[in-house]
Each structure stands twice: as C-alpha cells, then as structure tokens.
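*Asks:* So here's work25.txt, just compact mmCIF, C-alpha atoms:
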# COMPACT_ATOMS: atom_id res chain seq x y z
CA MET H 1 -142.27 8.58 -99.10
CA ILE H 2 -141.85 11.99 -100.66
CA LEU H 3 -143.12 12.91 -104.12
CA HIS H 4 -140.58 14.97 -106.05
CA ILE H 5 -141.99 16.93 -109.00
CA LEU H 6 -139.65 17.97 -111.81
CA ASN H 7 -140.64 20.34 -114.63
CA ARG H 8 -137.33 20.69 -116.48
CA SER H 9 -135.83 18.34 -119.02
CA PRO H 10 -132.38 16.88 -118.35
CA SER H 11 -131.25 18.25 -121.72
CA SER H 12 -131.90 21.87 -120.73
CA SER H 13 -131.27 22.05 -116.98
CA LEU H 14 -129.15 20.34 -114.34
CA VAL H 15 -131.87 20.71 -111.71
CA TYR H 16 -132.65 17.00 -112.19
CA ARG H 17 -129.33 16.24 -110.48
CA ASP H 18 -130.37 18.25 -107.42
CA ALA H 19 -133.72 16.47 -107.40
CA LEU H 20 -132.00 13.07 -107.54
CA ALA H 21 -129.64 14.12 -104.75
CA GLY H 22 -132.67 14.95 -102.62
CA MET H 23 -134.43 11.64 -103.15
CA GLY H 24 -134.56 8.93 -100.52
CA PRO H 25 -134.72 5.22 -101.43
CA GLU H 26 -138.55 5.12 -101.29
CA ASP H 27 -139.20 8.52 -102.85
CA ARG H 28 -140.96 8.91 -106.19
CA LEU H 29 -140.22 11.28 -109.07
CA LEU H 30 -142.94 12.73 -111.30
CA LEU H 31 -142.02 14.44 -114.57
CA VAL H 32 -144.39 17.27 -115.56
CA GLU H 33 -144.50 20.12 -118.09
CA ASP H 34 -141.17 20.31 -120.04
CA GLY H 35 -139.89 17.69 -117.61
CA VAL H 36 -141.77 14.96 -119.51
CA GLN H 37 -139.01 15.07 -122.14
CA GLY H 38 -137.03 13.10 -119.59
CA ALA H 39 -139.30 10.14 -120.33
CA LEU H 40 -137.84 9.76 -123.84
CA PRO H 41 -135.73 6.61 -124.25
CA SER H 42 -132.75 8.86 -125.08
CA GLN H 43 -133.11 10.82 -121.83
CA VAL H 44 -134.43 8.31 -119.33
CA ARG H 45 -130.95 7.01 -118.49
CA HIS H 46 -130.46 10.15 -116.37
CA PHE H 47 -133.10 8.74 -114.02
CA GLU H 48 -131.74 5.21 -113.88
CA VAL H 49 -131.27 5.31 -110.08
CA VAL H 50 -134.99 6.01 -109.63
CA GLY H 51 -135.87 2.61 -111.13
CA ASP H 52 -139.60 1.89 -111.09
CA ARG H 53 -140.37 5.01 -109.03
CA LEU H 54 -140.33 7.25 -112.12
CA PHE H 55 -143.64 8.71 -113.33
CA ALA H 56 -144.63 11.09 -116.11
CA LEU H 57 -147.81 13.12 -116.49
CA ARG H 58 -149.93 11.92 -119.42
CA GLU H 59 -151.55 15.30 -120.20
CA ASP H 60 -148.15 16.94 -120.64
CA LEU H 61 -146.81 14.03 -122.69
CA VAL H 62 -149.83 14.30 -124.98
CA ALA H 63 -149.58 18.10 -125.25
CA HIS H 64 -145.93 17.76 -126.27
CA GLY H 65 -146.69 14.98 -128.74
CA LEU H 66 -144.50 12.65 -126.74
CA ASP H 67 -147.01 10.06 -125.48
CA GLY H 68 -146.01 7.58 -128.16
CA HIS H 69 -142.31 8.11 -127.46
CA CYS H 70 -142.21 7.31 -123.78
CA ASP H 71 -139.72 4.75 -122.44
CA ALA H 72 -141.33 1.54 -121.17
CA SER H 73 -139.72 1.98 -117.73
CA VAL H 74 -141.76 5.14 -117.05
CA GLN H 75 -145.16 4.86 -115.36
CA VAL H 76 -147.55 7.22 -117.09
CA VAL H 77 -150.25 8.79 -114.87
CA ASP H 78 -153.01 11.26 -115.64
CA VAL H 79 -153.70 14.28 -113.44
CA ASP H 80 -155.98 12.16 -111.23
CA GLY H 81 -152.98 9.88 -110.74
CA PHE H 82 -150.84 12.95 -109.97
CA VAL H 83 -153.23 13.85 -107.13
CA ALA H 84 -153.20 10.22 -105.95
CA LEU H 85 -149.39 10.34 -105.82
CA THR H 86 -149.54 13.46 -103.64
CA GLU H 87 -152.12 11.78 -101.38
CA GLU H 88 -149.85 8.78 -100.92
CA ALA H 89 -146.76 10.90 -100.23
CA ASP H 90 -145.93 12.47 -96.86
CA LYS H 91 -145.13 15.69 -98.67
CA THR H 92 -144.09 17.02 -102.06
CA VAL H 93 -141.01 18.89 -103.24
CA SER H 94 -141.03 20.77 -106.55
CA TRP H 95 -137.85 21.19 -108.59
CA PHE H 96 -137.72 23.82 -111.32
CA MET O 1 -157.35 15.84 -97.42
CA ARG O 2 -156.76 19.56 -97.05
CA TYR O 3 -154.55 21.00 -99.79
CA ALA O 4 -152.90 24.33 -100.47
CA LEU O 5 -151.06 25.32 -103.63
CA LEU O 6 -148.13 27.68 -104.00
CA VAL O 7 -148.03 29.30 -107.45
CA GLN O 8 -144.80 31.05 -108.37
CA GLY O 9 -145.09 31.43 -112.14
CA ALA O 10 -146.60 34.38 -114.02
CA PRO O 11 -149.69 33.58 -116.09
CA TYR O 12 -149.14 33.32 -119.85
CA SER O 13 -145.35 33.27 -119.30
CA SER O 14 -145.05 29.79 -117.86
CA GLN O 15 -147.21 26.71 -117.53
CA ALA O 16 -147.33 26.98 -113.72
CA SER O 17 -150.82 28.53 -113.52
CA HIS O 18 -152.31 26.07 -116.01
CA SER O 19 -150.77 23.14 -114.19
CA ALA O 20 -152.00 24.42 -110.83
CA LEU O 21 -155.56 24.97 -112.10
CA ARG O 22 -155.68 21.53 -113.67
CA PHE O 23 -154.36 19.99 -110.45
CA SER O 24 -156.97 21.96 -108.46
CA GLU O 25 -159.85 20.50 -110.45
CA ALA O 26 -158.45 16.99 -110.11
CA LEU O 27 -157.88 17.18 -106.37
CA LEU O 28 -161.40 18.56 -105.81
CA ALA O 29 -162.86 15.83 -108.03
CA ARG O 30 -161.26 13.26 -105.74
CA GLY O 31 -163.08 14.71 -102.74
CA ASN O 32 -160.20 16.72 -101.30
CA ARG O 33 -160.49 20.29 -100.10
CA LEU O 34 -158.46 23.16 -101.55
CA VAL O 35 -158.06 25.59 -98.69
CA CYS O 36 -155.95 28.22 -100.36
CA VAL O 37 -153.84 29.12 -103.35
CA PHE O 38 -150.91 31.32 -102.35
CA PHE O 39 -149.21 33.43 -105.01
CA TYR O 40 -145.56 34.36 -104.60
CA HIS O 41 -142.64 35.49 -106.80
CA ASP O 42 -143.96 36.19 -110.34
CA GLY O 43 -147.05 34.17 -109.42
CA VAL O 44 -148.52 37.38 -107.99
CA TYR O 45 -149.35 38.46 -111.56
CA ASN O 46 -152.15 35.88 -111.47
CA ALA O 47 -154.05 38.46 -109.41
CA ALA O 48 -153.87 41.20 -112.09
CA ARG O 49 -157.50 42.25 -112.46
CA LEU O 50 -156.76 44.05 -115.74
CA ALA O 51 -155.56 40.91 -117.53
CA ALA O 52 -157.25 40.81 -120.93
CA PRO O 53 -156.22 37.64 -122.74
CA PRO O 54 -157.58 36.91 -126.25
CA GLN O 55 -160.98 35.17 -126.19
CA ASP O 56 -159.66 31.90 -127.57
CA GLU O 57 -157.25 31.47 -124.64
CA PRO O 58 -158.11 30.32 -121.13
CA HIS O 59 -158.80 33.28 -118.84
CA LEU O 60 -156.60 32.38 -115.90
CA VAL O 61 -157.62 35.21 -113.57
CA ASP O 62 -161.30 34.32 -114.07
CA ALA O 63 -160.48 30.66 -113.50
CA TRP O 64 -158.99 31.47 -110.08
CA VAL O 65 -162.02 33.57 -109.20
CA ARG O 66 -164.36 30.69 -110.16
CA LEU O 67 -162.36 28.39 -107.91
CA ASN O 68 -163.00 30.79 -105.05
CA GLU O 69 -166.70 31.13 -105.84
CA LYS O 70 -167.40 27.43 -106.31
CA HIS O 71 -165.16 25.94 -103.64
CA GLY O 72 -164.39 28.71 -101.18
CA THR O 73 -160.68 28.51 -101.95
CA GLN O 74 -158.86 31.52 -100.58
CA LEU O 75 -156.66 33.40 -103.06
CA GLN O 76 -153.81 34.94 -101.13
CA VAL O 77 -151.11 37.09 -102.68
CA CYS O 78 -147.82 37.92 -100.98
CA ILE O 79 -148.06 41.65 -100.37
CA ALA O 80 -144.31 42.37 -100.55
CA ALA O 81 -143.90 40.50 -103.84
CA ALA O 82 -147.07 42.16 -105.21
CA LEU O 83 -146.36 45.80 -104.32
CA ARG O 84 -142.92 45.66 -105.97
CA ARG O 85 -144.53 44.38 -109.14
CA GLY O 86 -147.29 46.99 -109.30
CA LEU O 87 -150.08 44.79 -107.95
CA LEU O 88 -152.03 46.89 -105.45
CA ASP O 89 -155.53 46.57 -104.09
CA GLU O 90 -157.67 49.64 -103.43
CA ARG O 91 -156.32 50.14 -99.93
CA GLU O 92 -152.65 49.89 -100.92
CA ALA O 93 -153.24 52.07 -103.99
CA SER O 94 -154.62 54.87 -101.86
CA ARG O 95 -151.91 54.38 -99.25
CA HIS O 96 -149.26 54.78 -101.96
CA GLY O 97 -151.06 57.65 -103.73
CA LYS O 98 -151.80 55.66 -106.91
CA SER O 99 -154.74 56.58 -109.11
CA GLY O 100 -155.89 53.02 -109.85
CA HIS O 101 -155.73 49.57 -108.36
CA SER O 102 -154.76 46.31 -110.00
CA VAL O 103 -155.92 43.69 -107.48
CA GLU O 104 -159.47 43.16 -106.26
CA PRO O 105 -161.30 40.58 -104.16
CA PRO O 106 -161.47 37.62 -103.95
CA PHE O 107 -157.69 38.00 -104.23
CA GLU O 108 -156.29 39.30 -100.95
CA LEU O 109 -152.89 40.78 -100.28
CA THR O 110 -151.38 39.11 -97.27
CA GLY O 111 -148.08 38.48 -95.53
CA LEU O 112 -145.65 35.70 -96.28
CA GLY O 113 -146.34 34.31 -92.82
CA GLN O 114 -149.64 33.00 -94.25
CA LEU O 115 -147.65 30.74 -96.57
CA ILE O 116 -145.73 29.25 -93.66
CA ASP O 117 -148.96 28.79 -91.66
CA LEU O 118 -150.57 27.08 -94.63
CA GLY O 119 -147.59 24.91 -95.39
CA LEU O 120 -147.51 23.63 -91.83
CA GLY O 121 -151.29 23.59 -91.36
CA VAL O 122 -152.66 21.73 -94.39
CA ASP O 123 -152.11 18.05 -95.23
CA ARG O 124 -150.38 18.78 -98.56
CA LEU O 125 -148.75 21.85 -100.05
CA VAL O 126 -147.89 21.52 -103.74
CA THR O 127 -145.71 24.10 -105.50
CA PHE O 128 -146.16 25.10 -109.12
CA ALA O 129 -143.23 27.18 -110.33
CA PRO O 130 -142.07 28.41 -113.74
CA MET B 1 -118.80 15.66 -88.46
CA GLN B 2 -121.91 14.99 -90.53
CA ALA B 3 -123.07 12.32 -88.11
CA GLU B 4 -123.46 15.01 -85.44
CA THR B 5 -125.25 17.46 -87.71
CA VAL B 6 -128.94 17.87 -86.94
CA LEU B 7 -130.84 17.19 -90.14
CA ASN B 8 -134.37 17.93 -88.98
CA GLY B 9 -136.57 20.92 -88.21
CA ASP B 10 -139.87 22.55 -89.16
CA VAL B 11 -139.11 24.36 -92.41
CA LEU B 12 -136.39 23.69 -94.98
CA VAL B 13 -135.78 26.35 -97.61
CA ILE B 14 -133.81 25.13 -100.62
CA LEU B 15 -132.04 27.91 -102.53
CA ARG B 16 -130.97 26.95 -106.03
CA HIS B 17 -130.44 30.30 -107.72
CA PRO B 18 -127.49 32.72 -107.55
CA PRO B 19 -127.93 36.30 -106.35
CA HIS B 20 -128.80 39.18 -108.73
CA GLY B 21 -129.83 37.29 -111.90
CA SER B 22 -133.32 36.72 -110.50
CA SER B 23 -135.22 37.38 -107.29
CA TRP B 24 -135.43 33.67 -106.34
CA LEU B 25 -132.64 33.81 -103.78
CA ARG B 26 -133.87 37.02 -102.15
CA GLU B 27 -137.51 35.91 -102.03
CA GLY B 28 -136.44 32.48 -100.76
CA LEU B 29 -134.43 34.05 -97.96
CA ASP B 30 -137.43 36.28 -97.15
CA ALA B 31 -139.56 33.16 -96.74
CA ALA B 32 -136.94 31.68 -94.40
CA LEU B 33 -136.81 34.86 -92.27
CA VAL B 34 -140.59 35.00 -91.99
CA ALA B 35 -140.78 31.33 -91.00
CA ALA B 36 -138.17 31.94 -88.31
CA ALA B 37 -140.00 35.07 -87.13
CA PHE B 38 -143.10 32.86 -86.74
CA GLY B 39 -141.16 30.68 -84.32
CA GLN B 40 -140.35 27.78 -86.64
CA THR B 41 -136.96 26.10 -86.69
CA VAL B 42 -135.62 26.84 -90.15
CA SER B 43 -132.82 25.21 -92.13
CA LEU B 44 -131.35 26.44 -95.39
CA LEU B 45 -129.87 24.29 -98.14
CA PHE B 46 -127.82 26.03 -100.81
CA GLN B 47 -127.76 23.85 -103.89
CA GLY B 48 -126.77 24.16 -107.56
CA ASP B 49 -125.81 27.74 -108.44
CA GLY B 50 -127.51 28.72 -105.19
CA VAL B 51 -124.21 28.04 -103.38
CA LEU B 52 -123.04 31.33 -104.92
CA GLY B 53 -125.48 33.00 -102.57
CA LEU B 54 -123.04 32.20 -99.77
CA LEU B 55 -119.96 33.57 -101.47
CA GLN B 56 -117.89 36.16 -99.68
CA GLY B 57 -117.46 39.49 -101.47
CA GLN B 58 -120.87 39.66 -103.13
CA GLY B 59 -122.46 43.08 -102.95
CA PRO B 60 -125.26 45.28 -104.23
CA GLY B 61 -125.81 45.65 -107.98
CA PRO B 62 -124.94 48.76 -110.03
CA LEU B 63 -128.44 50.25 -109.67
CA GLY B 64 -128.42 49.66 -105.94
CA GLN B 65 -130.17 46.28 -106.13
CA LYS B 66 -129.84 44.81 -102.70
CA GLY B 67 -128.54 41.35 -103.55
CA SER B 68 -128.57 38.89 -100.69
CA SER B 69 -125.45 39.55 -98.66
CA ALA B 70 -127.22 41.89 -96.21
CA THR B 71 -129.98 39.31 -95.72
CA LEU B 72 -127.38 36.64 -95.01
CA ASP B 73 -126.08 38.79 -92.19
CA MET B 74 -129.58 38.84 -90.71
CA LEU B 75 -129.92 35.05 -90.52
CA ALA B 76 -128.19 34.78 -87.15
CA MET B 77 -130.46 37.50 -85.71
CA TYR B 78 -133.43 35.31 -86.65
CA ASP B 79 -131.76 32.24 -85.09
CA ILE B 80 -131.32 30.56 -88.46
CA GLU B 81 -128.12 28.70 -87.85
CA SER B 82 -128.67 25.43 -89.71
CA LEU B 83 -127.01 26.26 -92.99
CA PHE B 84 -126.17 23.47 -95.41
CA LEU B 85 -124.74 23.33 -98.88
CA ASP B 86 -124.56 20.64 -101.53
CA ALA B 87 -120.85 19.72 -101.52
CA ARG B 88 -120.98 18.62 -105.17
CA SER B 89 -122.45 21.96 -106.27
CA LEU B 90 -119.59 23.86 -104.65
CA ALA B 91 -116.99 21.49 -106.10
CA ARG B 92 -118.52 21.79 -109.58
CA LEU B 93 -117.91 25.54 -109.42
CA GLY B 94 -114.33 24.96 -108.27
CA LEU B 95 -114.95 26.76 -104.98
CA SER B 96 -114.29 25.74 -101.41
CA THR B 97 -116.00 26.52 -98.10
CA GLU B 98 -113.15 28.95 -97.33
CA SER B 99 -114.55 31.45 -99.86
CA LEU B 100 -117.93 31.62 -98.12
CA GLN B 101 -119.35 34.51 -96.15
CA LEU B 102 -121.05 32.22 -93.62
CA PRO B 103 -120.18 28.74 -92.41
CA ALA B 104 -122.43 26.09 -93.99
CA SER B 105 -122.09 22.33 -93.53
CA PRO B 106 -121.31 20.53 -96.79
CA LEU B 107 -123.64 17.59 -97.41
CA GLU B 108 -123.44 14.64 -99.80
CA PRO B 109 -126.58 13.19 -101.46
CA PRO B 110 -127.68 10.66 -98.80
CA SER B 111 -127.65 13.40 -96.16
CA ILE B 112 -129.45 15.81 -98.49
CA ALA B 113 -132.30 13.31 -98.81
CA GLU B 114 -132.28 12.90 -95.04
CA LEU B 115 -132.42 16.68 -94.60
CA ILE B 116 -135.45 16.93 -96.90
CA ALA B 117 -137.18 14.02 -95.16
CA GLY B 118 -136.41 15.57 -91.77
CA HIS B 119 -138.46 18.75 -92.28
CA ARG B 120 -142.24 19.10 -92.17
CA LEU B 121 -142.32 21.77 -94.87
CA VAL B 122 -139.86 22.04 -97.76
CA LEU B 123 -139.91 25.12 -100.00
CA THR B 124 -137.72 25.39 -103.09
CA PHE B 125 -136.61 28.66 -104.63
Take the structure I supplied and represent it as structure tokens, if you would.
*Replies:*
Amino acid sequence: MILHILNRSPSSSLVYRDALAGMGPEDRLLLVEDGVQGALPSQVRHFEVVGDRLFALREDLVAHGLDGHCDASVQVVDVDGFVALTEEADKTVSWF
Amino acid sequence: MRYALLVQGAPYSSQASHSALRFSEALLARGNRLVCVFFYHDGVYNAARLAAPPQDEPHLVDAWVRLNEKHGTQLQVCIAAALRRGLLDEREASRHGKSGHSVEPPFELTGLGQLIDLGLGVDRLVTFAP
Amino acid sequence: MQAETVLNGDVLVILRHPPHGSSWLREGLDAALVAAAFGQTVSLLFQGDGVLGLLQGQGPGPLGQKGSSATLDMLAMYDIESLFLDARSLARLGLSTESLQLPASPLEPPSIAELIAGHRLVLTF
C-alpha cells in the first residue's frame, strides 16, 4: 500500500487526476493543505474511485474553516494519524 | 522507523515548511527518528540565516535549528539549488568572492546525491512541496 | 507492447511541469541524473504538462535559460533509458508520440500505478 498525499484542490488544479492515475487498488489518498477542499461534498465526487481509502487532515480542515463541511465518506485524521498512515504505507508519493 | 523529509517549498510563500515541521513533531512524538530534512528547489530558502519574520509569526529557520539541536536531525541543503538562489555558506561565499554569507550551521550545503542516498536508505521519505 | 515493458527499478522521477515556466522539470531531471550517476536504475514518467518536456523543437529561452532539451540528450549517457509518459496527458494536449524528441512508452493508468509501485523511491517534480 502506498500513501498518496495531495495538496491541491480539484477546483484549482488537475494534479488530482495524475494522483488518481498513479493509485493502485489498495493505495490510500490523503488530502492536506489546500487539498482538503476536495473533502467538500461538492468536490468529493472527483475522488469517487478511491472509495473508503480517502483521508483528509483535520488540522488543515480546521485552519480552512472546513471541518464542519466535510463529506461523510472522508476519513478525517489528525497529524498523528498522518504519521500513522505513512508508517502503514510502503512508501509515500506527494502530488502538488 | 527512520524518516527523512524533502522540503521543496520556500518558507512564508507556501505551507510546505509549516506542514513539514508539524509532521516532524508528530513523527518524533510517536517514537520515530527523523534522520534528515533535505531542502531542494525553493525549499533551500529555509536555510536563509538572515530571515527576520515579524515576532508574531512562527520563526521557521529557528524551528529547523531547534529540530537539529533537540533531535540531531541533519539539515541538508542542495548546493546547486542553493548557490543559484544566493544561499551560500562561509566557504562558498569566499570561494565566489562574496562579502557575506547567507547559510550557517547546522544547515549544510551538500550534493543532490545525499537525497538519493537518504531516499533509499531510510524507512520513509515524505515530500512537502509548495 | 506494454506487457513487455519493465515497470520496476530503484528510483522513479515523475515530471509534471513543462520546461521554462518553472525550474521543476530541470531540477527533477538533475535528480534523475544524480541518481543514475550513483548507480541506481532510474525511470522517468512524464505526466500532465510535463509531457511537454519531451517535445521536439524546444530550445533555450530568450535570456539564454537552458531549458531541458540539452539535459534530455544526456539521459542516454547516464543509462536512463526507461522513459514513460502518461498517454492521456499527451492526448489531452492533442499531441502524439511522433512530435517527441525522445522515444517514451505511453502508459495508461493501471500501468502508471504499477510503475509507481515498482520503484523503491518515487520523487515528484
């Protein structure tokens, strides 16, 4: 399992498509920084193929004022959870 | 686990440095080791010793230095990316006939080969980019 | 053809930015050259606007900025011969592999994921 880390929102950059193209069936995707906008119910459809392997970083959601607006399908993790995801993964790939 | 971070964003221009520092604290708190932070691309500006942010903002350069002092994390800066951008330690400054230097220990200018060594040598390399 | 393509190695460098507008492509290629010089098997994946980094006819900028075409010519000298591109990225730009300076194998998403999984270290630029 590879952890893919995305820091751009689907409404501002197409890099999410490249990230999705690079993901294997077990891989996980973590939204950080501006990427957490992708967790909005209006945006989350872009990540439909990721299913329950989609995560968003709580600290960035909170900083953006988006923690109350997160789609229910997204698993919210704090930075400790971010580290745990990297520990569980074989490696990480950052998309920006 | 042994970690290394690759920071490619300039401080105060992007969130990359903040995210990397926050991640550093969290990985150390979980009992992991942070072997090295490698700075490349605009990330080399994190080593600017003359950075003087306002007092009510986090001092990122100092935060990296504290990481080195408390946890022995090496702070390595790609020399080619740094020289182009005006980031020179004392040795490079004198070699290039410059009257001042902009990088000082614990930041060290080093070759890009170090990044490859790190990436293949540690358990996890995590990239923070702008 | 793709079934015969080797999708693994030590270091994969993903290049997602076009030449000239930023230094991402040049600094990414530098990382690939250094990895190869250190004896690692290196693969390159050109993706997104990064596929423009392969385009024939690119040159230096008006102030003499190097661009990346000279570096591309050096890849073979460093034994970097595993060049891949995201087929969808090239199609999105309306370009074909015939307009490229170097031959790169077009990959579709499942193979791109395999390529990433098949390398010990993946660096994105």
*Asks:* For Val11 of chain B, please output as a PyMOL selection string all residues within 10 Å (counting all atoms listed in the file; exclusion window: fewer than 4 positions along the same chain).
*Replies:* (chain O and resi 116+119-120) or (chain B and resi 31-32+35-36+40-44+116+118-123)
*Asks:* Go through O:Tyr45, O:Phe23, O:Trp64, O:Tyr40 one by one, measure the shortest atom-to-atom distance of each to Glu27 of chain B using only C-alpha atoms, and give the residue with the smallest value.
*Replies:*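 Smallest separation from Glu27 of chain B among the options: O:Tyr40.
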*Asks:* For chain B, which residues have at least one atom within 12 Å of chain H, if we go by all atoms listed in the file? Write them as an mmCIF file with C-alpha atoms, in the coordinates of the input, please.
*Replies:*
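After the write, result.cif holds the following:
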data_model
loop_
_atom_site.group_PDB
_atom_site.id
_atom_site.type_symbol
_atom_site.label_atom_id
_atom_site.label_comp_id
_atom_site.auth_asym_id
_atom_site.auth_seq_id
_atom_site.Cartn_x
_atom_site.Cartn_y
_atom_site.Cartn_z
ATOM 1 C CA LEU B 12 -136.390 23.690 -94.980
ATOM 2 C CA VAL B 13 -135.780 26.350 -97.610
ATOM 3 C CA ILE B 14 -133.810 25.130 -100.620
ATOM 4 C CA LEU B 15 -132.040 27.910 -102.530
ATOM 5 C CA ARG B 16 -130.970 26.950 -106.030
ATOM 6 C CA HIS B 17 -130.440 30.300 -107.720
ATOM 7 C CA TRP B 24 -135.430 33.670 -106.340
ATOM 8 C CA LEU B 45 -129.870 24.290 -98.140
ATOM 9 C CA PHE B 46 -127.820 26.030 -100.810
ATOM 10 C CA GLN B 47 -127.760 23.850 -103.890
ATOM 11 C CA GLY B 48 -126.770 24.160 -107.560
ATOM 12 C CA ASP B 49 -125.810 27.740 -108.440
ATOM 13 C CA GLY B 50 -127.510 28.720 -105.190
ATOM 14 C CA LEU B 85 -124.740 23.330 -98.880
ATOM 15 C CA ASP B 86 -124.560 20.640 -101.530
ATOM 16 C CA ALA B 87 -120.850 19.720 -101.520
ATOM 17 C CA ARG B 88 -120.980 18.620 -105.170
ATOM 18 C CA SER B 89 -122.450 21.960 -106.270
ATOM 19 C CA ARG B 92 -118.520 21.790 -109.580
ATOM 20 C CA LEU B 107 -123.640 17.590 -97.410
ATOM 21 C CA GLU B 108 -123.440 14.640 -99.800
ATOM 22 C CA PRO B 109 -126.580 13.190 -101.460
ATOM 23 C CA PRO B 110 -127.680 10.660 -98.800
ATOM 24 C CA SER B 111 -127.650 13.400 -96.160
ATOM 25 C CA ILE B 112 -129.450 15.810 -98.490
ATOM 26 C CA ALA B 113 -132.300 13.310 -98.810
ATOM 27 C CA GLU B 114 -132.280 12.900 -95.040
ATOM 28 C CA LEU B 115 -132.420 16.680 -94.600
ATOM 29 C CA ILE B 116 -135.450 16.930 -96.900
ATOM 30 C CA ALA B 117 -137.180 14.020 -95.160
ATOM 31 C CA GLY B 118 -136.410 15.570 -91.770
ATOM 32 C CA HIS B 119 -138.460 18.750 -92.280
ATOM 33 C CA ARG B 120 -142.240 19.100 -92.170
ATOM 34 C CA LEU B 121 -142.320 21.770 -94.870
ATOM 35 C CA VAL B 122 -139.860 22.040 -97.760
ATOM 36 C CA LEU B 123 -139.910 25.120 -100.000
ATOM 37 C CA THR B 124 -137.720 25.390 -103.090
ATOM 38 C CA PHE B 125 -136.610 28.660 -104.630
#
*Asks:* Find the residues in chain O near chain H: any atom within 6 Å counts, using all atoms listed in the file. Write them as number ranges by chain.
*Replies:* O: 26-27, 127
*Asks:* Work out how far apart atom CA of Ser69 of chain B and atom CA of Ala104 of chain B are and give it in Å to one decimal.
*Replies:* 14.6 Å
*Asks:* Find the residue from B:Leu83, B:Leu7, B:His20, B:Leu33 that sits nearest to chain O; use all atoms listed in the file when measuring.
*Replies:*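 Under the stated criterion, the closest residue is B:Leu33.
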*Asks:* Report, in Å to a single decimal, how far apart atom CA of Tyr78 of chain B and atom CA of Val34 of chain B are.
*Replies:*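 For atom CA of Val34 of chain B relative to atom CA of Tyr78 of chain B, the distance reads 8.9 Å.
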*Asks:* Output the contact residues of chain O with respect to chain B at a cut-off of 12 Å, based on all atoms listed in the file, as a ChimeraX atom specification.
*Replies:* /O:5-9,40-42,78,80-82,84-85,111-130
*Asks:* May I ask for the distance between atom CA of Pro10 of chain H and atom CA of Gly35 of chain H, given in Å to one decimal place?
*Replies:*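 These atoms are spaced 7.6 Å apart.
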*Asks:* Which of these, O:Ala4, O:Val77, O:Val37, O:Ala10, has the shortest distance to Ala51 of chain O once you count all atoms listed in the file?
*Replies:*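 Of all the options, O:Ala10 lies closest to Ala51 of chain O.
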*Asks:* Considering only C-alpha atoms, can you say which of H:Ala56, H:Ala63, H:Ser11, H:Gly51 comes closest to Val36 of chain H?
*Replies:*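 Among the listed residues, H:Ala56 lies closest to Val36 of chain H.
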